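Participant: Handing you this structure, nothing more for now.
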Amino acid sequence: MVVFKPFAPYMATHPEAVAADPYDIVSVEQARQDVEQRPDSFLAVDKPELFTADMPLEAWGQRARHELERLYESELTERTHGFYVYRLTDHGHVQTGLVATFSVADYEAGRIKIHEHTREVKERERVEHVSATKAHTGPILMSHAPAEGLRRILHDATTGEALFAFKDSQGVLHEGFAVPSKHQARVIMIGASIPAIYIADGHHRAKAAAVVARSPIHEGESKQERDHFLGVLFPSDELTILPYHRILNDVAPEEVRALLDGLTFSYEIESMPALHVPNERGTFGLSYRGEHHVLKKRQVTAALDVATLQRDVLEPYFHVKDVRTDKRIDFIGGKDAPARLADLAERDDVVVLTCHATAMEELMRVADESGQMPPKSTWFEPKLKSGLFIHRFD
């Protein structure tokens with residue numbers, strides 16, 4: 001069983017002025033520009049380094065707390081205790097999620113399943129953020145095998161009056177609703193019938209929540225609230241994963257020639273007139289100096305495509321052993337990726353490697369097997385906004 005716990009969220013009076021993209025897909029300069037244009041942008045809370053570079057970690061956390069306190073005074077108000085709904089409509093695609101808090105105990109017991117390990121530096125940063133703000137400010141994107149009973153309840157909730165509704169700069173409609181109190185017990189029972197749920201995005205936030213929950217520093221705060229973290233839970237068949245492509249910098253022509261010669265035994269290689277984004281597993285696109293190829297593996301295995309690319313291409317031919325730390329590699333995801341990649345493919349020293357998207361079924365399989373996906377394996381879109389629901393535990 002998995003615990004779905006209702007809570008009393010803090011929500012913005014003017015959500016379109018507060019809601020912001022996740023901190024980890026926004027650069028410091030982009031965050032600074034957003035806060036200059038929208039002073040109440042939640043990036044001031046989630047990315048306080050935009051104010052002062054190279055702050056000590058404790059001062060960084062205190063600045064986040066200061067900005068959140070400012071929003072408590074001017075924008076954020078406590079709403080009724082209960083469950084909520086977050087619906088996103090992206091040009092015809094609709095995904096409807098349950099907004100609730102989820103148990104640290106379930107996370108530690110493996111009933112909330114993970115598919116990647118956290119990095120120590122990022123973990124420390126998120127721990128400081130949660131500890132200093134005494135709140136879970138960014139929703140963790142979570143998923144479950146479709147449950148029709150829960151889907152019907154969330155649909156019923158969306159027939160009521162929206163708590164907020166606005167379109168972002170990408171044309172995505174964001175809406176929030178309250179789940180009618182008559183459904184509360186049923187939602188809790190449905191959670192009790194689900195054997196496991198999956199973290200799709202937000203592993204560092206979840207780990208930070210667990211660390212803070214077990215910290216003796218916070219024993220004076222509400223243990224019941226501290227032992228639960230904020231998430232939005234969507235059925236797996238409503239989530240969209242886009243490819244996460246690889247960019248290699250400072251590449252010499254002889255490296256590419258060696259790659260194309262070396263892969264002929266295990267891959268079918270075909271020249272293409274333009275940059276190719278694969279639409280099937282086991283297939284990759286390669287572009288360099290305006291020349292384009294498709295690489296099709298002769299024997300496709302059960303391995304994730306991003307893992308196959310790492311094993312067959314990145315490590316043996318470009319000596320990239322750890323994509324998280326190697327300075328030659330970058331990543332591009334999102335709907336606008338093909339246009340950005342096409343420009344890069346014309347440069348003299350850049351190799352563009354395009355991938356097929358990882359499927360939700362693959363993510364869930366890896367998590368069920370207690371496995372680990374390579375970094376930058378998934379790009380979920382549309383992105384959940386931060387600042388729409390705040391879980392406060394002080």
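Convention: chains lettered A, B, ... in structure tokens order; per-chain residue numbering from 1; ligands numbered from 1 as shown.
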So that I can check the surroundings of Met364 in chain A, please list as number ranges by chain every protein, DNA and RNA residue that reaches within 8 Å of it, counting only C-alpha atoms and ignoring chain neighbours fewer than 4 positions away.
Facilitator: A: 115, 198, 360, 368
Participant: Within 9 Å of Gln95 in chain A, counting only C-alpha atoms, which residues qualify if same-chain residues fewer than 2 places away don't, as JSON, numbers by chain?
Facilitator: {"A": [86, 87, 88, 89, 90, 93, 97, 234, 235, 237, 238, 239, 240]}
Participant: Would you mind reading off the distance between CA of Arg38 in chain A and CA of Pro15 in chain A, one decimal, in Å?
Facilitator: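 Calculated distance between CA of Arg38 in chain A and CA of Pro15 in chain A is 11.5 Å.
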Participant: Considering only C-alpha atoms, return as an mmCIF file with N, CA, C and O atoms, in the first residue's frame whatever protein or nucleic-acid residues lie within 12 Å of Arg226 in chain A, sequence-local ones (same chain, fewer than 4 positions apart) excluded.
Facilitator:
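Just written: out-v9.cif:
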data_model
loop_
_atom_site.group_PDB
_atom_site.id
_atom_site.type_symbol
_atom_site.label_atom_id
_atom_site.label_comp_id
_atom_site.auth_asym_id
_atom_site.auth_seq_id
_atom_site.Cartn_x
_atom_site.Cartn_y
_atom_site.Cartn_z
ATOM 1 N N PHE A 7 -3.457 17.550 2.524
ATOM 2 C CA PHE A 7 -2.691 18.609 3.198
ATOM 3 C C PHE A 7 -3.355 19.946 2.921
ATOM 4 O O PHE A 7 -4.287 20.046 2.115
ATOM 5 N N THR A 101 0.456 14.799 -0.442
ATOM 6 C CA THR A 101 1.769 14.562 0.149
ATOM 7 C C THR A 101 1.942 13.056 0.306
ATOM 8 O O THR A 101 0.975 12.313 0.494
ATOM 9 N N PHE A 102 3.200 12.638 0.220
ATOM 10 C CA PHE A 102 3.530 11.229 0.163
ATOM 11 C C PHE A 102 4.546 10.897 1.245
ATOM 12 O O PHE A 102 5.342 11.734 1.653
ATOM 13 N N SER A 103 4.512 9.672 1.695
ATOM 14 C CA SER A 103 5.203 9.271 2.911
ATOM 15 C C SER A 103 6.688 9.018 2.693
ATOM 16 O O SER A 103 7.084 8.256 1.790
ATOM 17 N N VAL A 104 7.512 9.633 3.542
ATOM 18 C CA VAL A 104 8.939 9.326 3.554
ATOM 19 C C VAL A 104 9.153 7.849 3.868
ATOM 20 O O VAL A 104 10.052 7.202 3.318
ATOM 21 N N ALA A 105 8.331 7.286 4.729
ATOM 22 C CA ALA A 105 8.458 5.861 5.058
ATOM 23 C C ALA A 105 8.244 4.992 3.826
ATOM 24 O O ALA A 105 8.943 3.985 3.629
ATOM 25 N N VAL A 130 15.256 22.671 1.662
ATOM 26 C CA VAL A 130 14.104 22.185 2.428
ATOM 27 C C VAL A 130 14.260 22.553 3.901
ATOM 28 O O VAL A 130 13.303 22.982 4.556
ATOM 29 N N SER A 131 15.466 22.394 4.426
ATOM 30 C CA SER A 131 15.713 22.670 5.835
ATOM 31 C C SER A 131 15.524 24.150 6.157
ATOM 32 O O SER A 131 14.918 24.504 7.174
ATOM 33 N N LYS A 134 11.777 25.245 5.415
ATOM 34 C CA LYS A 134 10.792 24.445 6.153
ATOM 35 C C LYS A 134 9.537 24.228 5.316
ATOM 36 O O LYS A 134 8.406 24.359 5.778
ATOM 37 N N ALA A 135 9.791 23.869 4.083
ATOM 38 C CA ALA A 135 8.693 23.663 3.138
ATOM 39 C C ALA A 135 9.192 22.820 1.971
ATOM 40 O O ALA A 135 10.388 22.786 1.669
ATOM 41 N N HIS A 136 8.252 22.136 1.346
ATOM 42 C CA HIS A 136 8.518 21.473 0.076
ATOM 43 C C HIS A 136 7.891 22.360 -1.004
ATOM 44 O O HIS A 136 6.674 22.497 -1.084
ATOM 45 N N ALA A 208 16.098 14.707 -0.424
ATOM 46 C CA ALA A 208 16.248 15.800 0.541
ATOM 47 C C ALA A 208 15.133 15.784 1.567
ATOM 48 O O ALA A 208 15.360 16.002 2.766
ATOM 49 N N ALA A 209 13.903 15.525 1.115
ATOM 50 C CA ALA A 209 12.777 15.451 2.040
ATOM 51 C C ALA A 209 13.000 14.351 3.072
ATOM 52 O O ALA A 209 12.703 14.521 4.266
ATOM 53 N N ALA A 210 13.538 13.219 2.638
ATOM 54 C CA ALA A 210 13.787 12.111 3.555
ATOM 55 C C ALA A 210 14.886 12.463 4.562
ATOM 56 O O ALA A 210 14.778 12.159 5.757
ATOM 57 N N VAL A 211 15.940 13.114 4.092
ATOM 58 C CA VAL A 211 17.035 13.496 4.986
ATOM 59 C C VAL A 211 16.538 14.476 6.044
ATOM 60 O O VAL A 211 16.831 14.327 7.245
ATOM 61 N N VAL A 212 15.778 15.471 5.622
ATOM 62 C CA VAL A 212 15.267 16.474 6.564
ATOM 63 C C VAL A 212 14.286 15.839 7.550
ATOM 64 O O VAL A 212 14.278 16.172 8.732
ATOM 65 N N ALA A 213 13.463 14.920 7.066
ATOM 66 C CA ALA A 213 12.493 14.272 7.948
ATOM 67 C C ALA A 213 13.169 13.529 9.093
ATOM 68 O O ALA A 213 12.622 13.452 10.198
ATOM 69 N N ARG A 214 14.350 13.005 8.829
ATOM 70 C CA ARG A 214 15.066 12.233 9.858
ATOM 71 C C ARG A 214 16.077 13.080 10.633
ATOM 72 O O ARG A 214 16.784 12.561 11.495
ATOM 73 N N SER A 215 16.145 14.370 10.348
ATOM 74 C CA SER A 215 17.124 15.222 11.012
ATOM 75 C C SER A 215 16.640 15.656 12.388
ATOM 76 O O SER A 215 15.517 16.136 12.541
ATOM 77 N N PRO A 216 17.475 15.524 13.417
ATOM 78 C CA PRO A 216 17.060 15.965 14.759
ATOM 79 C C PRO A 216 16.906 17.484 14.864
ATOM 80 O O PRO A 216 16.255 17.981 15.782
ATOM 81 N N ILE A 217 17.465 18.213 13.900
ATOM 82 C CA ILE A 217 17.363 19.678 13.921
ATOM 83 C C ILE A 217 15.908 20.126 13.842
ATOM 84 O O ILE A 217 15.526 21.168 14.373
ATOM 85 N N HIS A 218 15.067 19.322 13.186
ATOM 86 C CA HIS A 218 13.687 19.736 12.924
ATOM 87 C C HIS A 218 12.675 19.050 13.835
ATOM 88 O O HIS A 218 11.484 19.001 13.530
ATOM 89 N N GLU A 219 13.126 18.539 14.977
ATOM 90 C CA GLU A 219 12.218 17.812 15.860
ATOM 91 C C GLU A 219 11.119 18.701 16.431
ATOM 92 O O GLU A 219 10.076 18.226 16.837
ATOM 93 N N GLY A 220 11.339 20.015 16.463
ATOM 94 C CA GLY A 220 10.322 20.913 17.009
ATOM 95 C C GLY A 220 9.183 21.191 16.051
ATOM 96 O O GLY A 220 8.155 21.735 16.453
ATOM 97 N N GLU A 221 9.352 20.805 14.789
ATOM 98 C CA GLU A 221 8.294 21.065 13.810
ATOM 99 C C GLU A 221 7.303 19.906 13.752
ATOM 100 O O GLU A 221 7.527 18.847 14.335
ATOM 101 N N SER A 222 6.224 20.111 13.016
ATOM 102 C CA SER A 222 5.186 19.093 12.896
ATOM 103 C C SER A 222 5.760 17.837 12.251
ATOM 104 O O SER A 222 6.084 17.831 11.064
ATOM 105 N N LEU A 230 5.739 16.820 -0.907
ATOM 106 C CA LEU A 230 4.799 17.247 -1.944
ATOM 107 C C LEU A 230 5.045 16.515 -3.261
ATOM 108 O O LEU A 230 6.179 16.414 -3.730
ATOM 109 N N HIS A 391 3.961 22.986 0.259
ATOM 110 C CA HIS A 391 3.706 22.178 1.455
ATOM 111 C C HIS A 391 4.619 22.702 2.568
ATOM 112 O O HIS A 391 5.830 22.512 2.536
ATOM 113 N N ARG A 392 4.009 23.335 3.547
ATOM 114 C CA ARG A 392 4.755 23.963 4.645
ATOM 115 C C ARG A 392 4.711 23.048 5.862
ATOM 116 O O ARG A 392 3.640 22.531 6.217
ATOM 117 N N PHE A 393 5.859 22.847 6.529
ATOM 118 C CA PHE A 393 5.848 21.957 7.696
ATOM 119 C C PHE A 393 6.362 22.632 8.970
ATOM 120 O O PHE A 393 6.696 21.946 9.939
ATOM 121 N N ASP A 394 6.432 23.966 8.999
ATOM 122 C CA ASP A 394 6.852 24.617 10.229
ATOM 123 C C ASP A 394 5.653 25.046 11.074
ATOM 124 O O ASP A 394 5.803 25.664 12.095
#
Participant: Check range 132-214 of chain A with DSSP on the backbone and list each residue it calls alpha helix (DSSP H), as a VMD selection string.
Facilitator: chain A and resid 132 to 133 148 to 157 184 to 193 203 to 213
Participant: Since we have the selection now, will you write its residues out, keeping N, CA and C atoms, as a tab-separated table (two decimals), in the first residue's frame?
Facilitator:
chain	number	residue	atom	x	y	z
A	132	ALA	N	16.03	25.02	5.28
A	132	ALA	CA	15.95	26.46	5.54
A	132	ALA	C	14.54	27.00	5.35
A	133	THR	N	13.86	26.57	4.31
A	133	THR	CA	12.52	27.09	4.02
A	133	THR	C	11.44	26.42	4.86
A	148	GLU	N	-8.43	3.32	-12.73
A	148	GLU	CA	-9.60	4.00	-13.27
A	148	GLU	C	-10.44	4.67	-12.19
A	149	GLY	N	-10.46	4.09	-11.00
A	149	GLY	CA	-11.21	4.72	-9.92
A	149	GLY	C	-10.66	6.10	-9.57
A	150	LEU	N	-9.35	6.21	-9.49
A	150	LEU	CA	-8.73	7.50	-9.21
A	150	LEU	C	-8.91	8.45	-10.37
A	151	ARG	N	-8.83	7.95	-11.59
A	151	ARG	CA	-9.02	8.80	-12.75
A	151	ARG	C	-10.41	9.43	-12.76
A	152	ARG	N	-11.42	8.64	-12.40
A	152	ARG	CA	-12.80	9.16	-12.37
A	152	ARG	C	-12.95	10.25	-11.31
A	153	ILE	N	-12.33	10.04	-10.15
A	153	ILE	CA	-12.44	11.05	-9.09
A	153	ILE	C	-11.79	12.36	-9.53
A	154	LEU	N	-10.62	12.29	-10.14
A	154	LEU	CA	-9.94	13.50	-10.59
A	154	LEU	C	-10.73	14.19	-11.70
A	155	HIS	N	-11.32	13.40	-12.57
A	155	HIS	CA	-12.15	14.00	-13.63
A	155	HIS	C	-13.35	14.71	-13.02
A	156	ASP	N	-13.96	14.09	-12.03
A	156	ASP	CA	-15.10	14.73	-11.37
A	156	ASP	C	-14.69	16.05	-10.73
A	157	ALA	N	-13.48	16.09	-10.16
A	157	ALA	CA	-13.00	17.32	-9.53
A	157	ALA	C	-12.84	18.44	-10.55
A	184	GLN	N	-12.55	12.14	-0.38
A	184	GLN	CA	-11.28	12.06	0.32
A	184	GLN	C	-10.98	10.65	0.82
A	185	ALA	N	-11.93	10.02	1.47
A	185	ALA	CA	-11.72	8.67	2.01
A	185	ALA	C	-11.44	7.68	0.89
A	186	ARG	N	-12.14	7.85	-0.22
A	186	ARG	CA	-11.95	6.94	-1.36
A	186	ARG	C	-10.54	7.08	-1.94
A	187	VAL	N	-10.03	8.31	-2.03
A	187	VAL	CA	-8.67	8.52	-2.55
A	187	VAL	C	-7.66	7.82	-1.65
A	188	ILE	N	-7.84	7.94	-0.35
A	188	ILE	CA	-6.93	7.28	0.60
A	188	ILE	C	-7.00	5.77	0.43
A	189	MET	N	-8.20	5.23	0.23
A	189	MET	CA	-8.35	3.79	0.03
A	189	MET	C	-7.70	3.32	-1.26
A	190	ILE	N	-7.80	4.14	-2.31
A	190	ILE	CA	-7.16	3.77	-3.58
A	190	ILE	C	-5.65	3.71	-3.38
A	191	GLY	N	-5.10	4.67	-2.66
A	191	GLY	CA	-3.67	4.62	-2.38
A	191	GLY	C	-3.28	3.34	-1.67
A	192	ALA	N	-4.12	2.93	-0.73
A	192	ALA	CA	-3.83	1.71	0.02
A	192	ALA	C	-3.87	0.46	-0.85
A	193	SER	N	-4.51	0.56	-2.02
A	193	SER	CA	-4.62	-0.60	-2.92
A	193	SER	C	-3.52	-0.63	-3.97
A	203	HIS	N	14.21	13.25	-8.07
A	203	HIS	CA	14.87	12.35	-7.13
A	203	HIS	C	15.62	13.10	-6.03
A	204	HIS	N	16.25	14.22	-6.37
A	204	HIS	CA	16.99	14.96	-5.35
A	204	HIS	C	16.06	15.61	-4.33
A	205	ARG	N	14.91	16.08	-4.79
A	205	ARG	CA	13.95	16.67	-3.86
A	205	ARG	C	13.39	15.61	-2.92
A	206	ALA	N	13.12	14.41	-3.45
A	206	ALA	CA	12.61	13.34	-2.60
A	206	ALA	C	13.65	12.91	-1.57
A	207	LYS	N	14.90	12.75	-2.00
A	207	LYS	CA	15.95	12.36	-1.06
A	207	LYS	C	16.15	13.44	0.00
A	208	ALA	N	16.10	14.71	-0.42
A	208	ALA	CA	16.25	15.80	0.54
A	208	ALA	C	15.13	15.78	1.57
A	209	ALA	N	13.90	15.52	1.11
A	209	ALA	CA	12.78	15.45	2.04
A	209	ALA	C	13.00	14.35	3.07
A	210	ALA	N	13.54	13.22	2.64
A	210	ALA	CA	13.79	12.11	3.56
A	210	ALA	C	14.89	12.46	4.56
A	211	VAL	N	15.94	13.11	4.09
A	211	VAL	CA	17.03	13.50	4.99
A	211	VAL	C	16.54	14.48	6.04
A	212	VAL	N	15.78	15.47	5.62
A	212	VAL	CA	15.27	16.47	6.56
A	212	VAL	C	14.29	15.84	7.55
A	213	ALA	N	13.46	14.92	7.07
A	213	ALA	CA	12.49	14.27	7.95
A	213	ALA	C	13.17	13.53	9.09
Participant: When you look at range 347-351 of chain A with a cut-off of 9 Å (counting only C-alpha atoms), what residues show up, excluding the ones that are within fewer than 5 positions of it in the same chain? I need them as a list in words.
Facilitator: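 Contacts, with the query itself left out: Arg246, Ile247, Leu248, Asn249, Asp250, Val251, Ala252, Pro253, Val256, Leu286, Ser287, Tyr288, Arg289 and Gly290 of chain A.
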Participant: Could you write out the selected residues, including N, CA, C and O atoms, as a PDB file, in the first residue's frame?
Facilitator:
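File written: out_14.pdb
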ATOM      1  N   ARG A 246      22.265  13.968 -27.127  1.00  0.00           N
ATOM      2  CA  ARG A 246      23.646  14.187 -26.672  1.00  0.00           C
ATOM      3  C   ARG A 246      24.403  15.061 -27.678  1.00  0.00           C
ATOM      4  O   ARG A 246      24.276  14.857 -28.894  1.00  0.00           O
ATOM      5  N   ILE A 247      25.211  15.979 -27.145  1.00  0.00           N
ATOM      6  CA  ILE A 247      26.038  16.864 -27.949  1.00  0.00           C
ATOM      7  C   ILE A 247      27.487  16.679 -27.510  1.00  0.00           C
ATOM      8  O   ILE A 247      27.804  16.812 -26.325  1.00  0.00           O
ATOM      9  N   LEU A 248      28.373  16.362 -28.454  1.00  0.00           N
ATOM     10  CA  LEU A 248      29.798  16.231 -28.167  1.00  0.00           C
ATOM     11  C   LEU A 248      30.536  17.435 -28.739  1.00  0.00           C
ATOM     12  O   LEU A 248      30.388  17.747 -29.926  1.00  0.00           O
ATOM     13  N   ASN A 249      31.323  18.100 -27.920  1.00  0.00           N
ATOM     14  CA  ASN A 249      32.075  19.277 -28.336  1.00  0.00           C
ATOM     15  C   ASN A 249      33.539  18.930 -28.577  1.00  0.00           C
ATOM     16  O   ASN A 249      34.043  17.914 -28.097  1.00  0.00           O
ATOM     17  N   ASP A 250      34.205  19.804 -29.321  1.00  0.00           N
ATOM     18  CA  ASP A 250      35.643  19.662 -29.597  1.00  0.00           C
ATOM     19  C   ASP A 250      35.958  18.320 -30.242  1.00  0.00           C
ATOM     20  O   ASP A 250      36.896  17.609 -29.843  1.00  0.00           O
ATOM     21  N   VAL A 251      35.194  17.972 -31.260  1.00  0.00           N
ATOM     22  CA  VAL A 251      35.359  16.690 -31.945  1.00  0.00           C
ATOM     23  C   VAL A 251      36.180  16.882 -33.219  1.00  0.00           C
ATOM     24  O   VAL A 251      35.917  17.795 -34.010  1.00  0.00           O
ATOM     25  N   ALA A 252      37.147  16.028 -33.415  1.00  0.00           N
ATOM     26  CA  ALA A 252      37.999  16.072 -34.605  1.00  0.00           C
ATOM     27  C   ALA A 252      37.442  15.132 -35.672  1.00  0.00           C
ATOM     28  O   ALA A 252      36.818  14.109 -35.349  1.00  0.00           O
ATOM     29  N   PRO A 253      37.686  15.433 -36.960  1.00  0.00           N
ATOM     30  CA  PRO A 253      37.163  14.581 -38.051  1.00  0.00           C
ATOM     31  C   PRO A 253      37.588  13.129 -37.932  1.00  0.00           C
ATOM     32  O   PRO A 253      36.800  12.216 -38.230  1.00  0.00           O
ATOM     33  N   VAL A 256      35.277  10.993 -35.807  1.00  0.00           N
ATOM     34  CA  VAL A 256      34.018  10.606 -36.459  1.00  0.00           C
ATOM     35  C   VAL A 256      34.267   9.499 -37.471  1.00  0.00           C
ATOM     36  O   VAL A 256      33.477   8.552 -37.580  1.00  0.00           O
ATOM     37  N   LEU A 286      23.227  10.683 -36.217  1.00  0.00           N
ATOM     38  CA  LEU A 286      24.542  11.292 -36.026  1.00  0.00           C
ATOM     39  C   LEU A 286      24.733  12.376 -37.079  1.00  0.00           C
ATOM     40  O   LEU A 286      24.576  12.115 -38.278  1.00  0.00           O
ATOM     41  N   SER A 287      25.040  13.580 -36.625  1.00  0.00           N
ATOM     42  CA  SER A 287      25.282  14.700 -37.537  1.00  0.00           C
ATOM     43  C   SER A 287      26.597  15.374 -37.170  1.00  0.00           C
ATOM     44  O   SER A 287      26.890  15.586 -35.992  1.00  0.00           O
ATOM     45  N   TYR A 288      27.363  15.708 -38.244  1.00  0.00           N
ATOM     46  CA  TYR A 288      28.667  16.350 -38.028  1.00  0.00           C
ATOM     47  C   TYR A 288      29.054  17.116 -39.287  1.00  0.00           C
ATOM     48  O   TYR A 288      29.049  16.564 -40.388  1.00  0.00           O
ATOM     49  N   ARG A 289      29.343  18.419 -39.114  1.00  0.00           N
ATOM     50  CA  ARG A 289      29.769  19.277 -40.220  1.00  0.00           C
ATOM     51  C   ARG A 289      28.798  19.235 -41.397  1.00  0.00           C
ATOM     52  O   ARG A 289      29.199  19.184 -42.556  1.00  0.00           O
ATOM     53  N   GLY A 290      27.506  19.228 -41.087  1.00  0.00           N
ATOM     54  CA  GLY A 290      26.487  19.262 -42.128  1.00  0.00           C
ATOM     55  C   GLY A 290      26.218  17.933 -42.799  1.00  0.00           C
ATOM     56  O   GLY A 290      25.401  17.861 -43.729  1.00  0.00           O
TER      57      GLY A 290
END
Participant: Separation of CA of Ala64 in chain A and CA of Gly333 in chain A, in Å?
Facilitator: 27.9 Å
Participant: For each of A:Lys385, A:Arg298, A:Ala145, A:Ser169, take the minimum atom-to-atom distance to Asp24 in chain A, counting only C-alpha atoms, then give the residue where this is smallest.
Facilitator: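 For Asp24 in chain A, the nearest of the candidates is A:Lys385.
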Participant: Calculate how many Å separate CA of Ala357 in chain A from CA of Ala303 in chain A, rounding to one decimal.
Facilitator: 13.0 Å
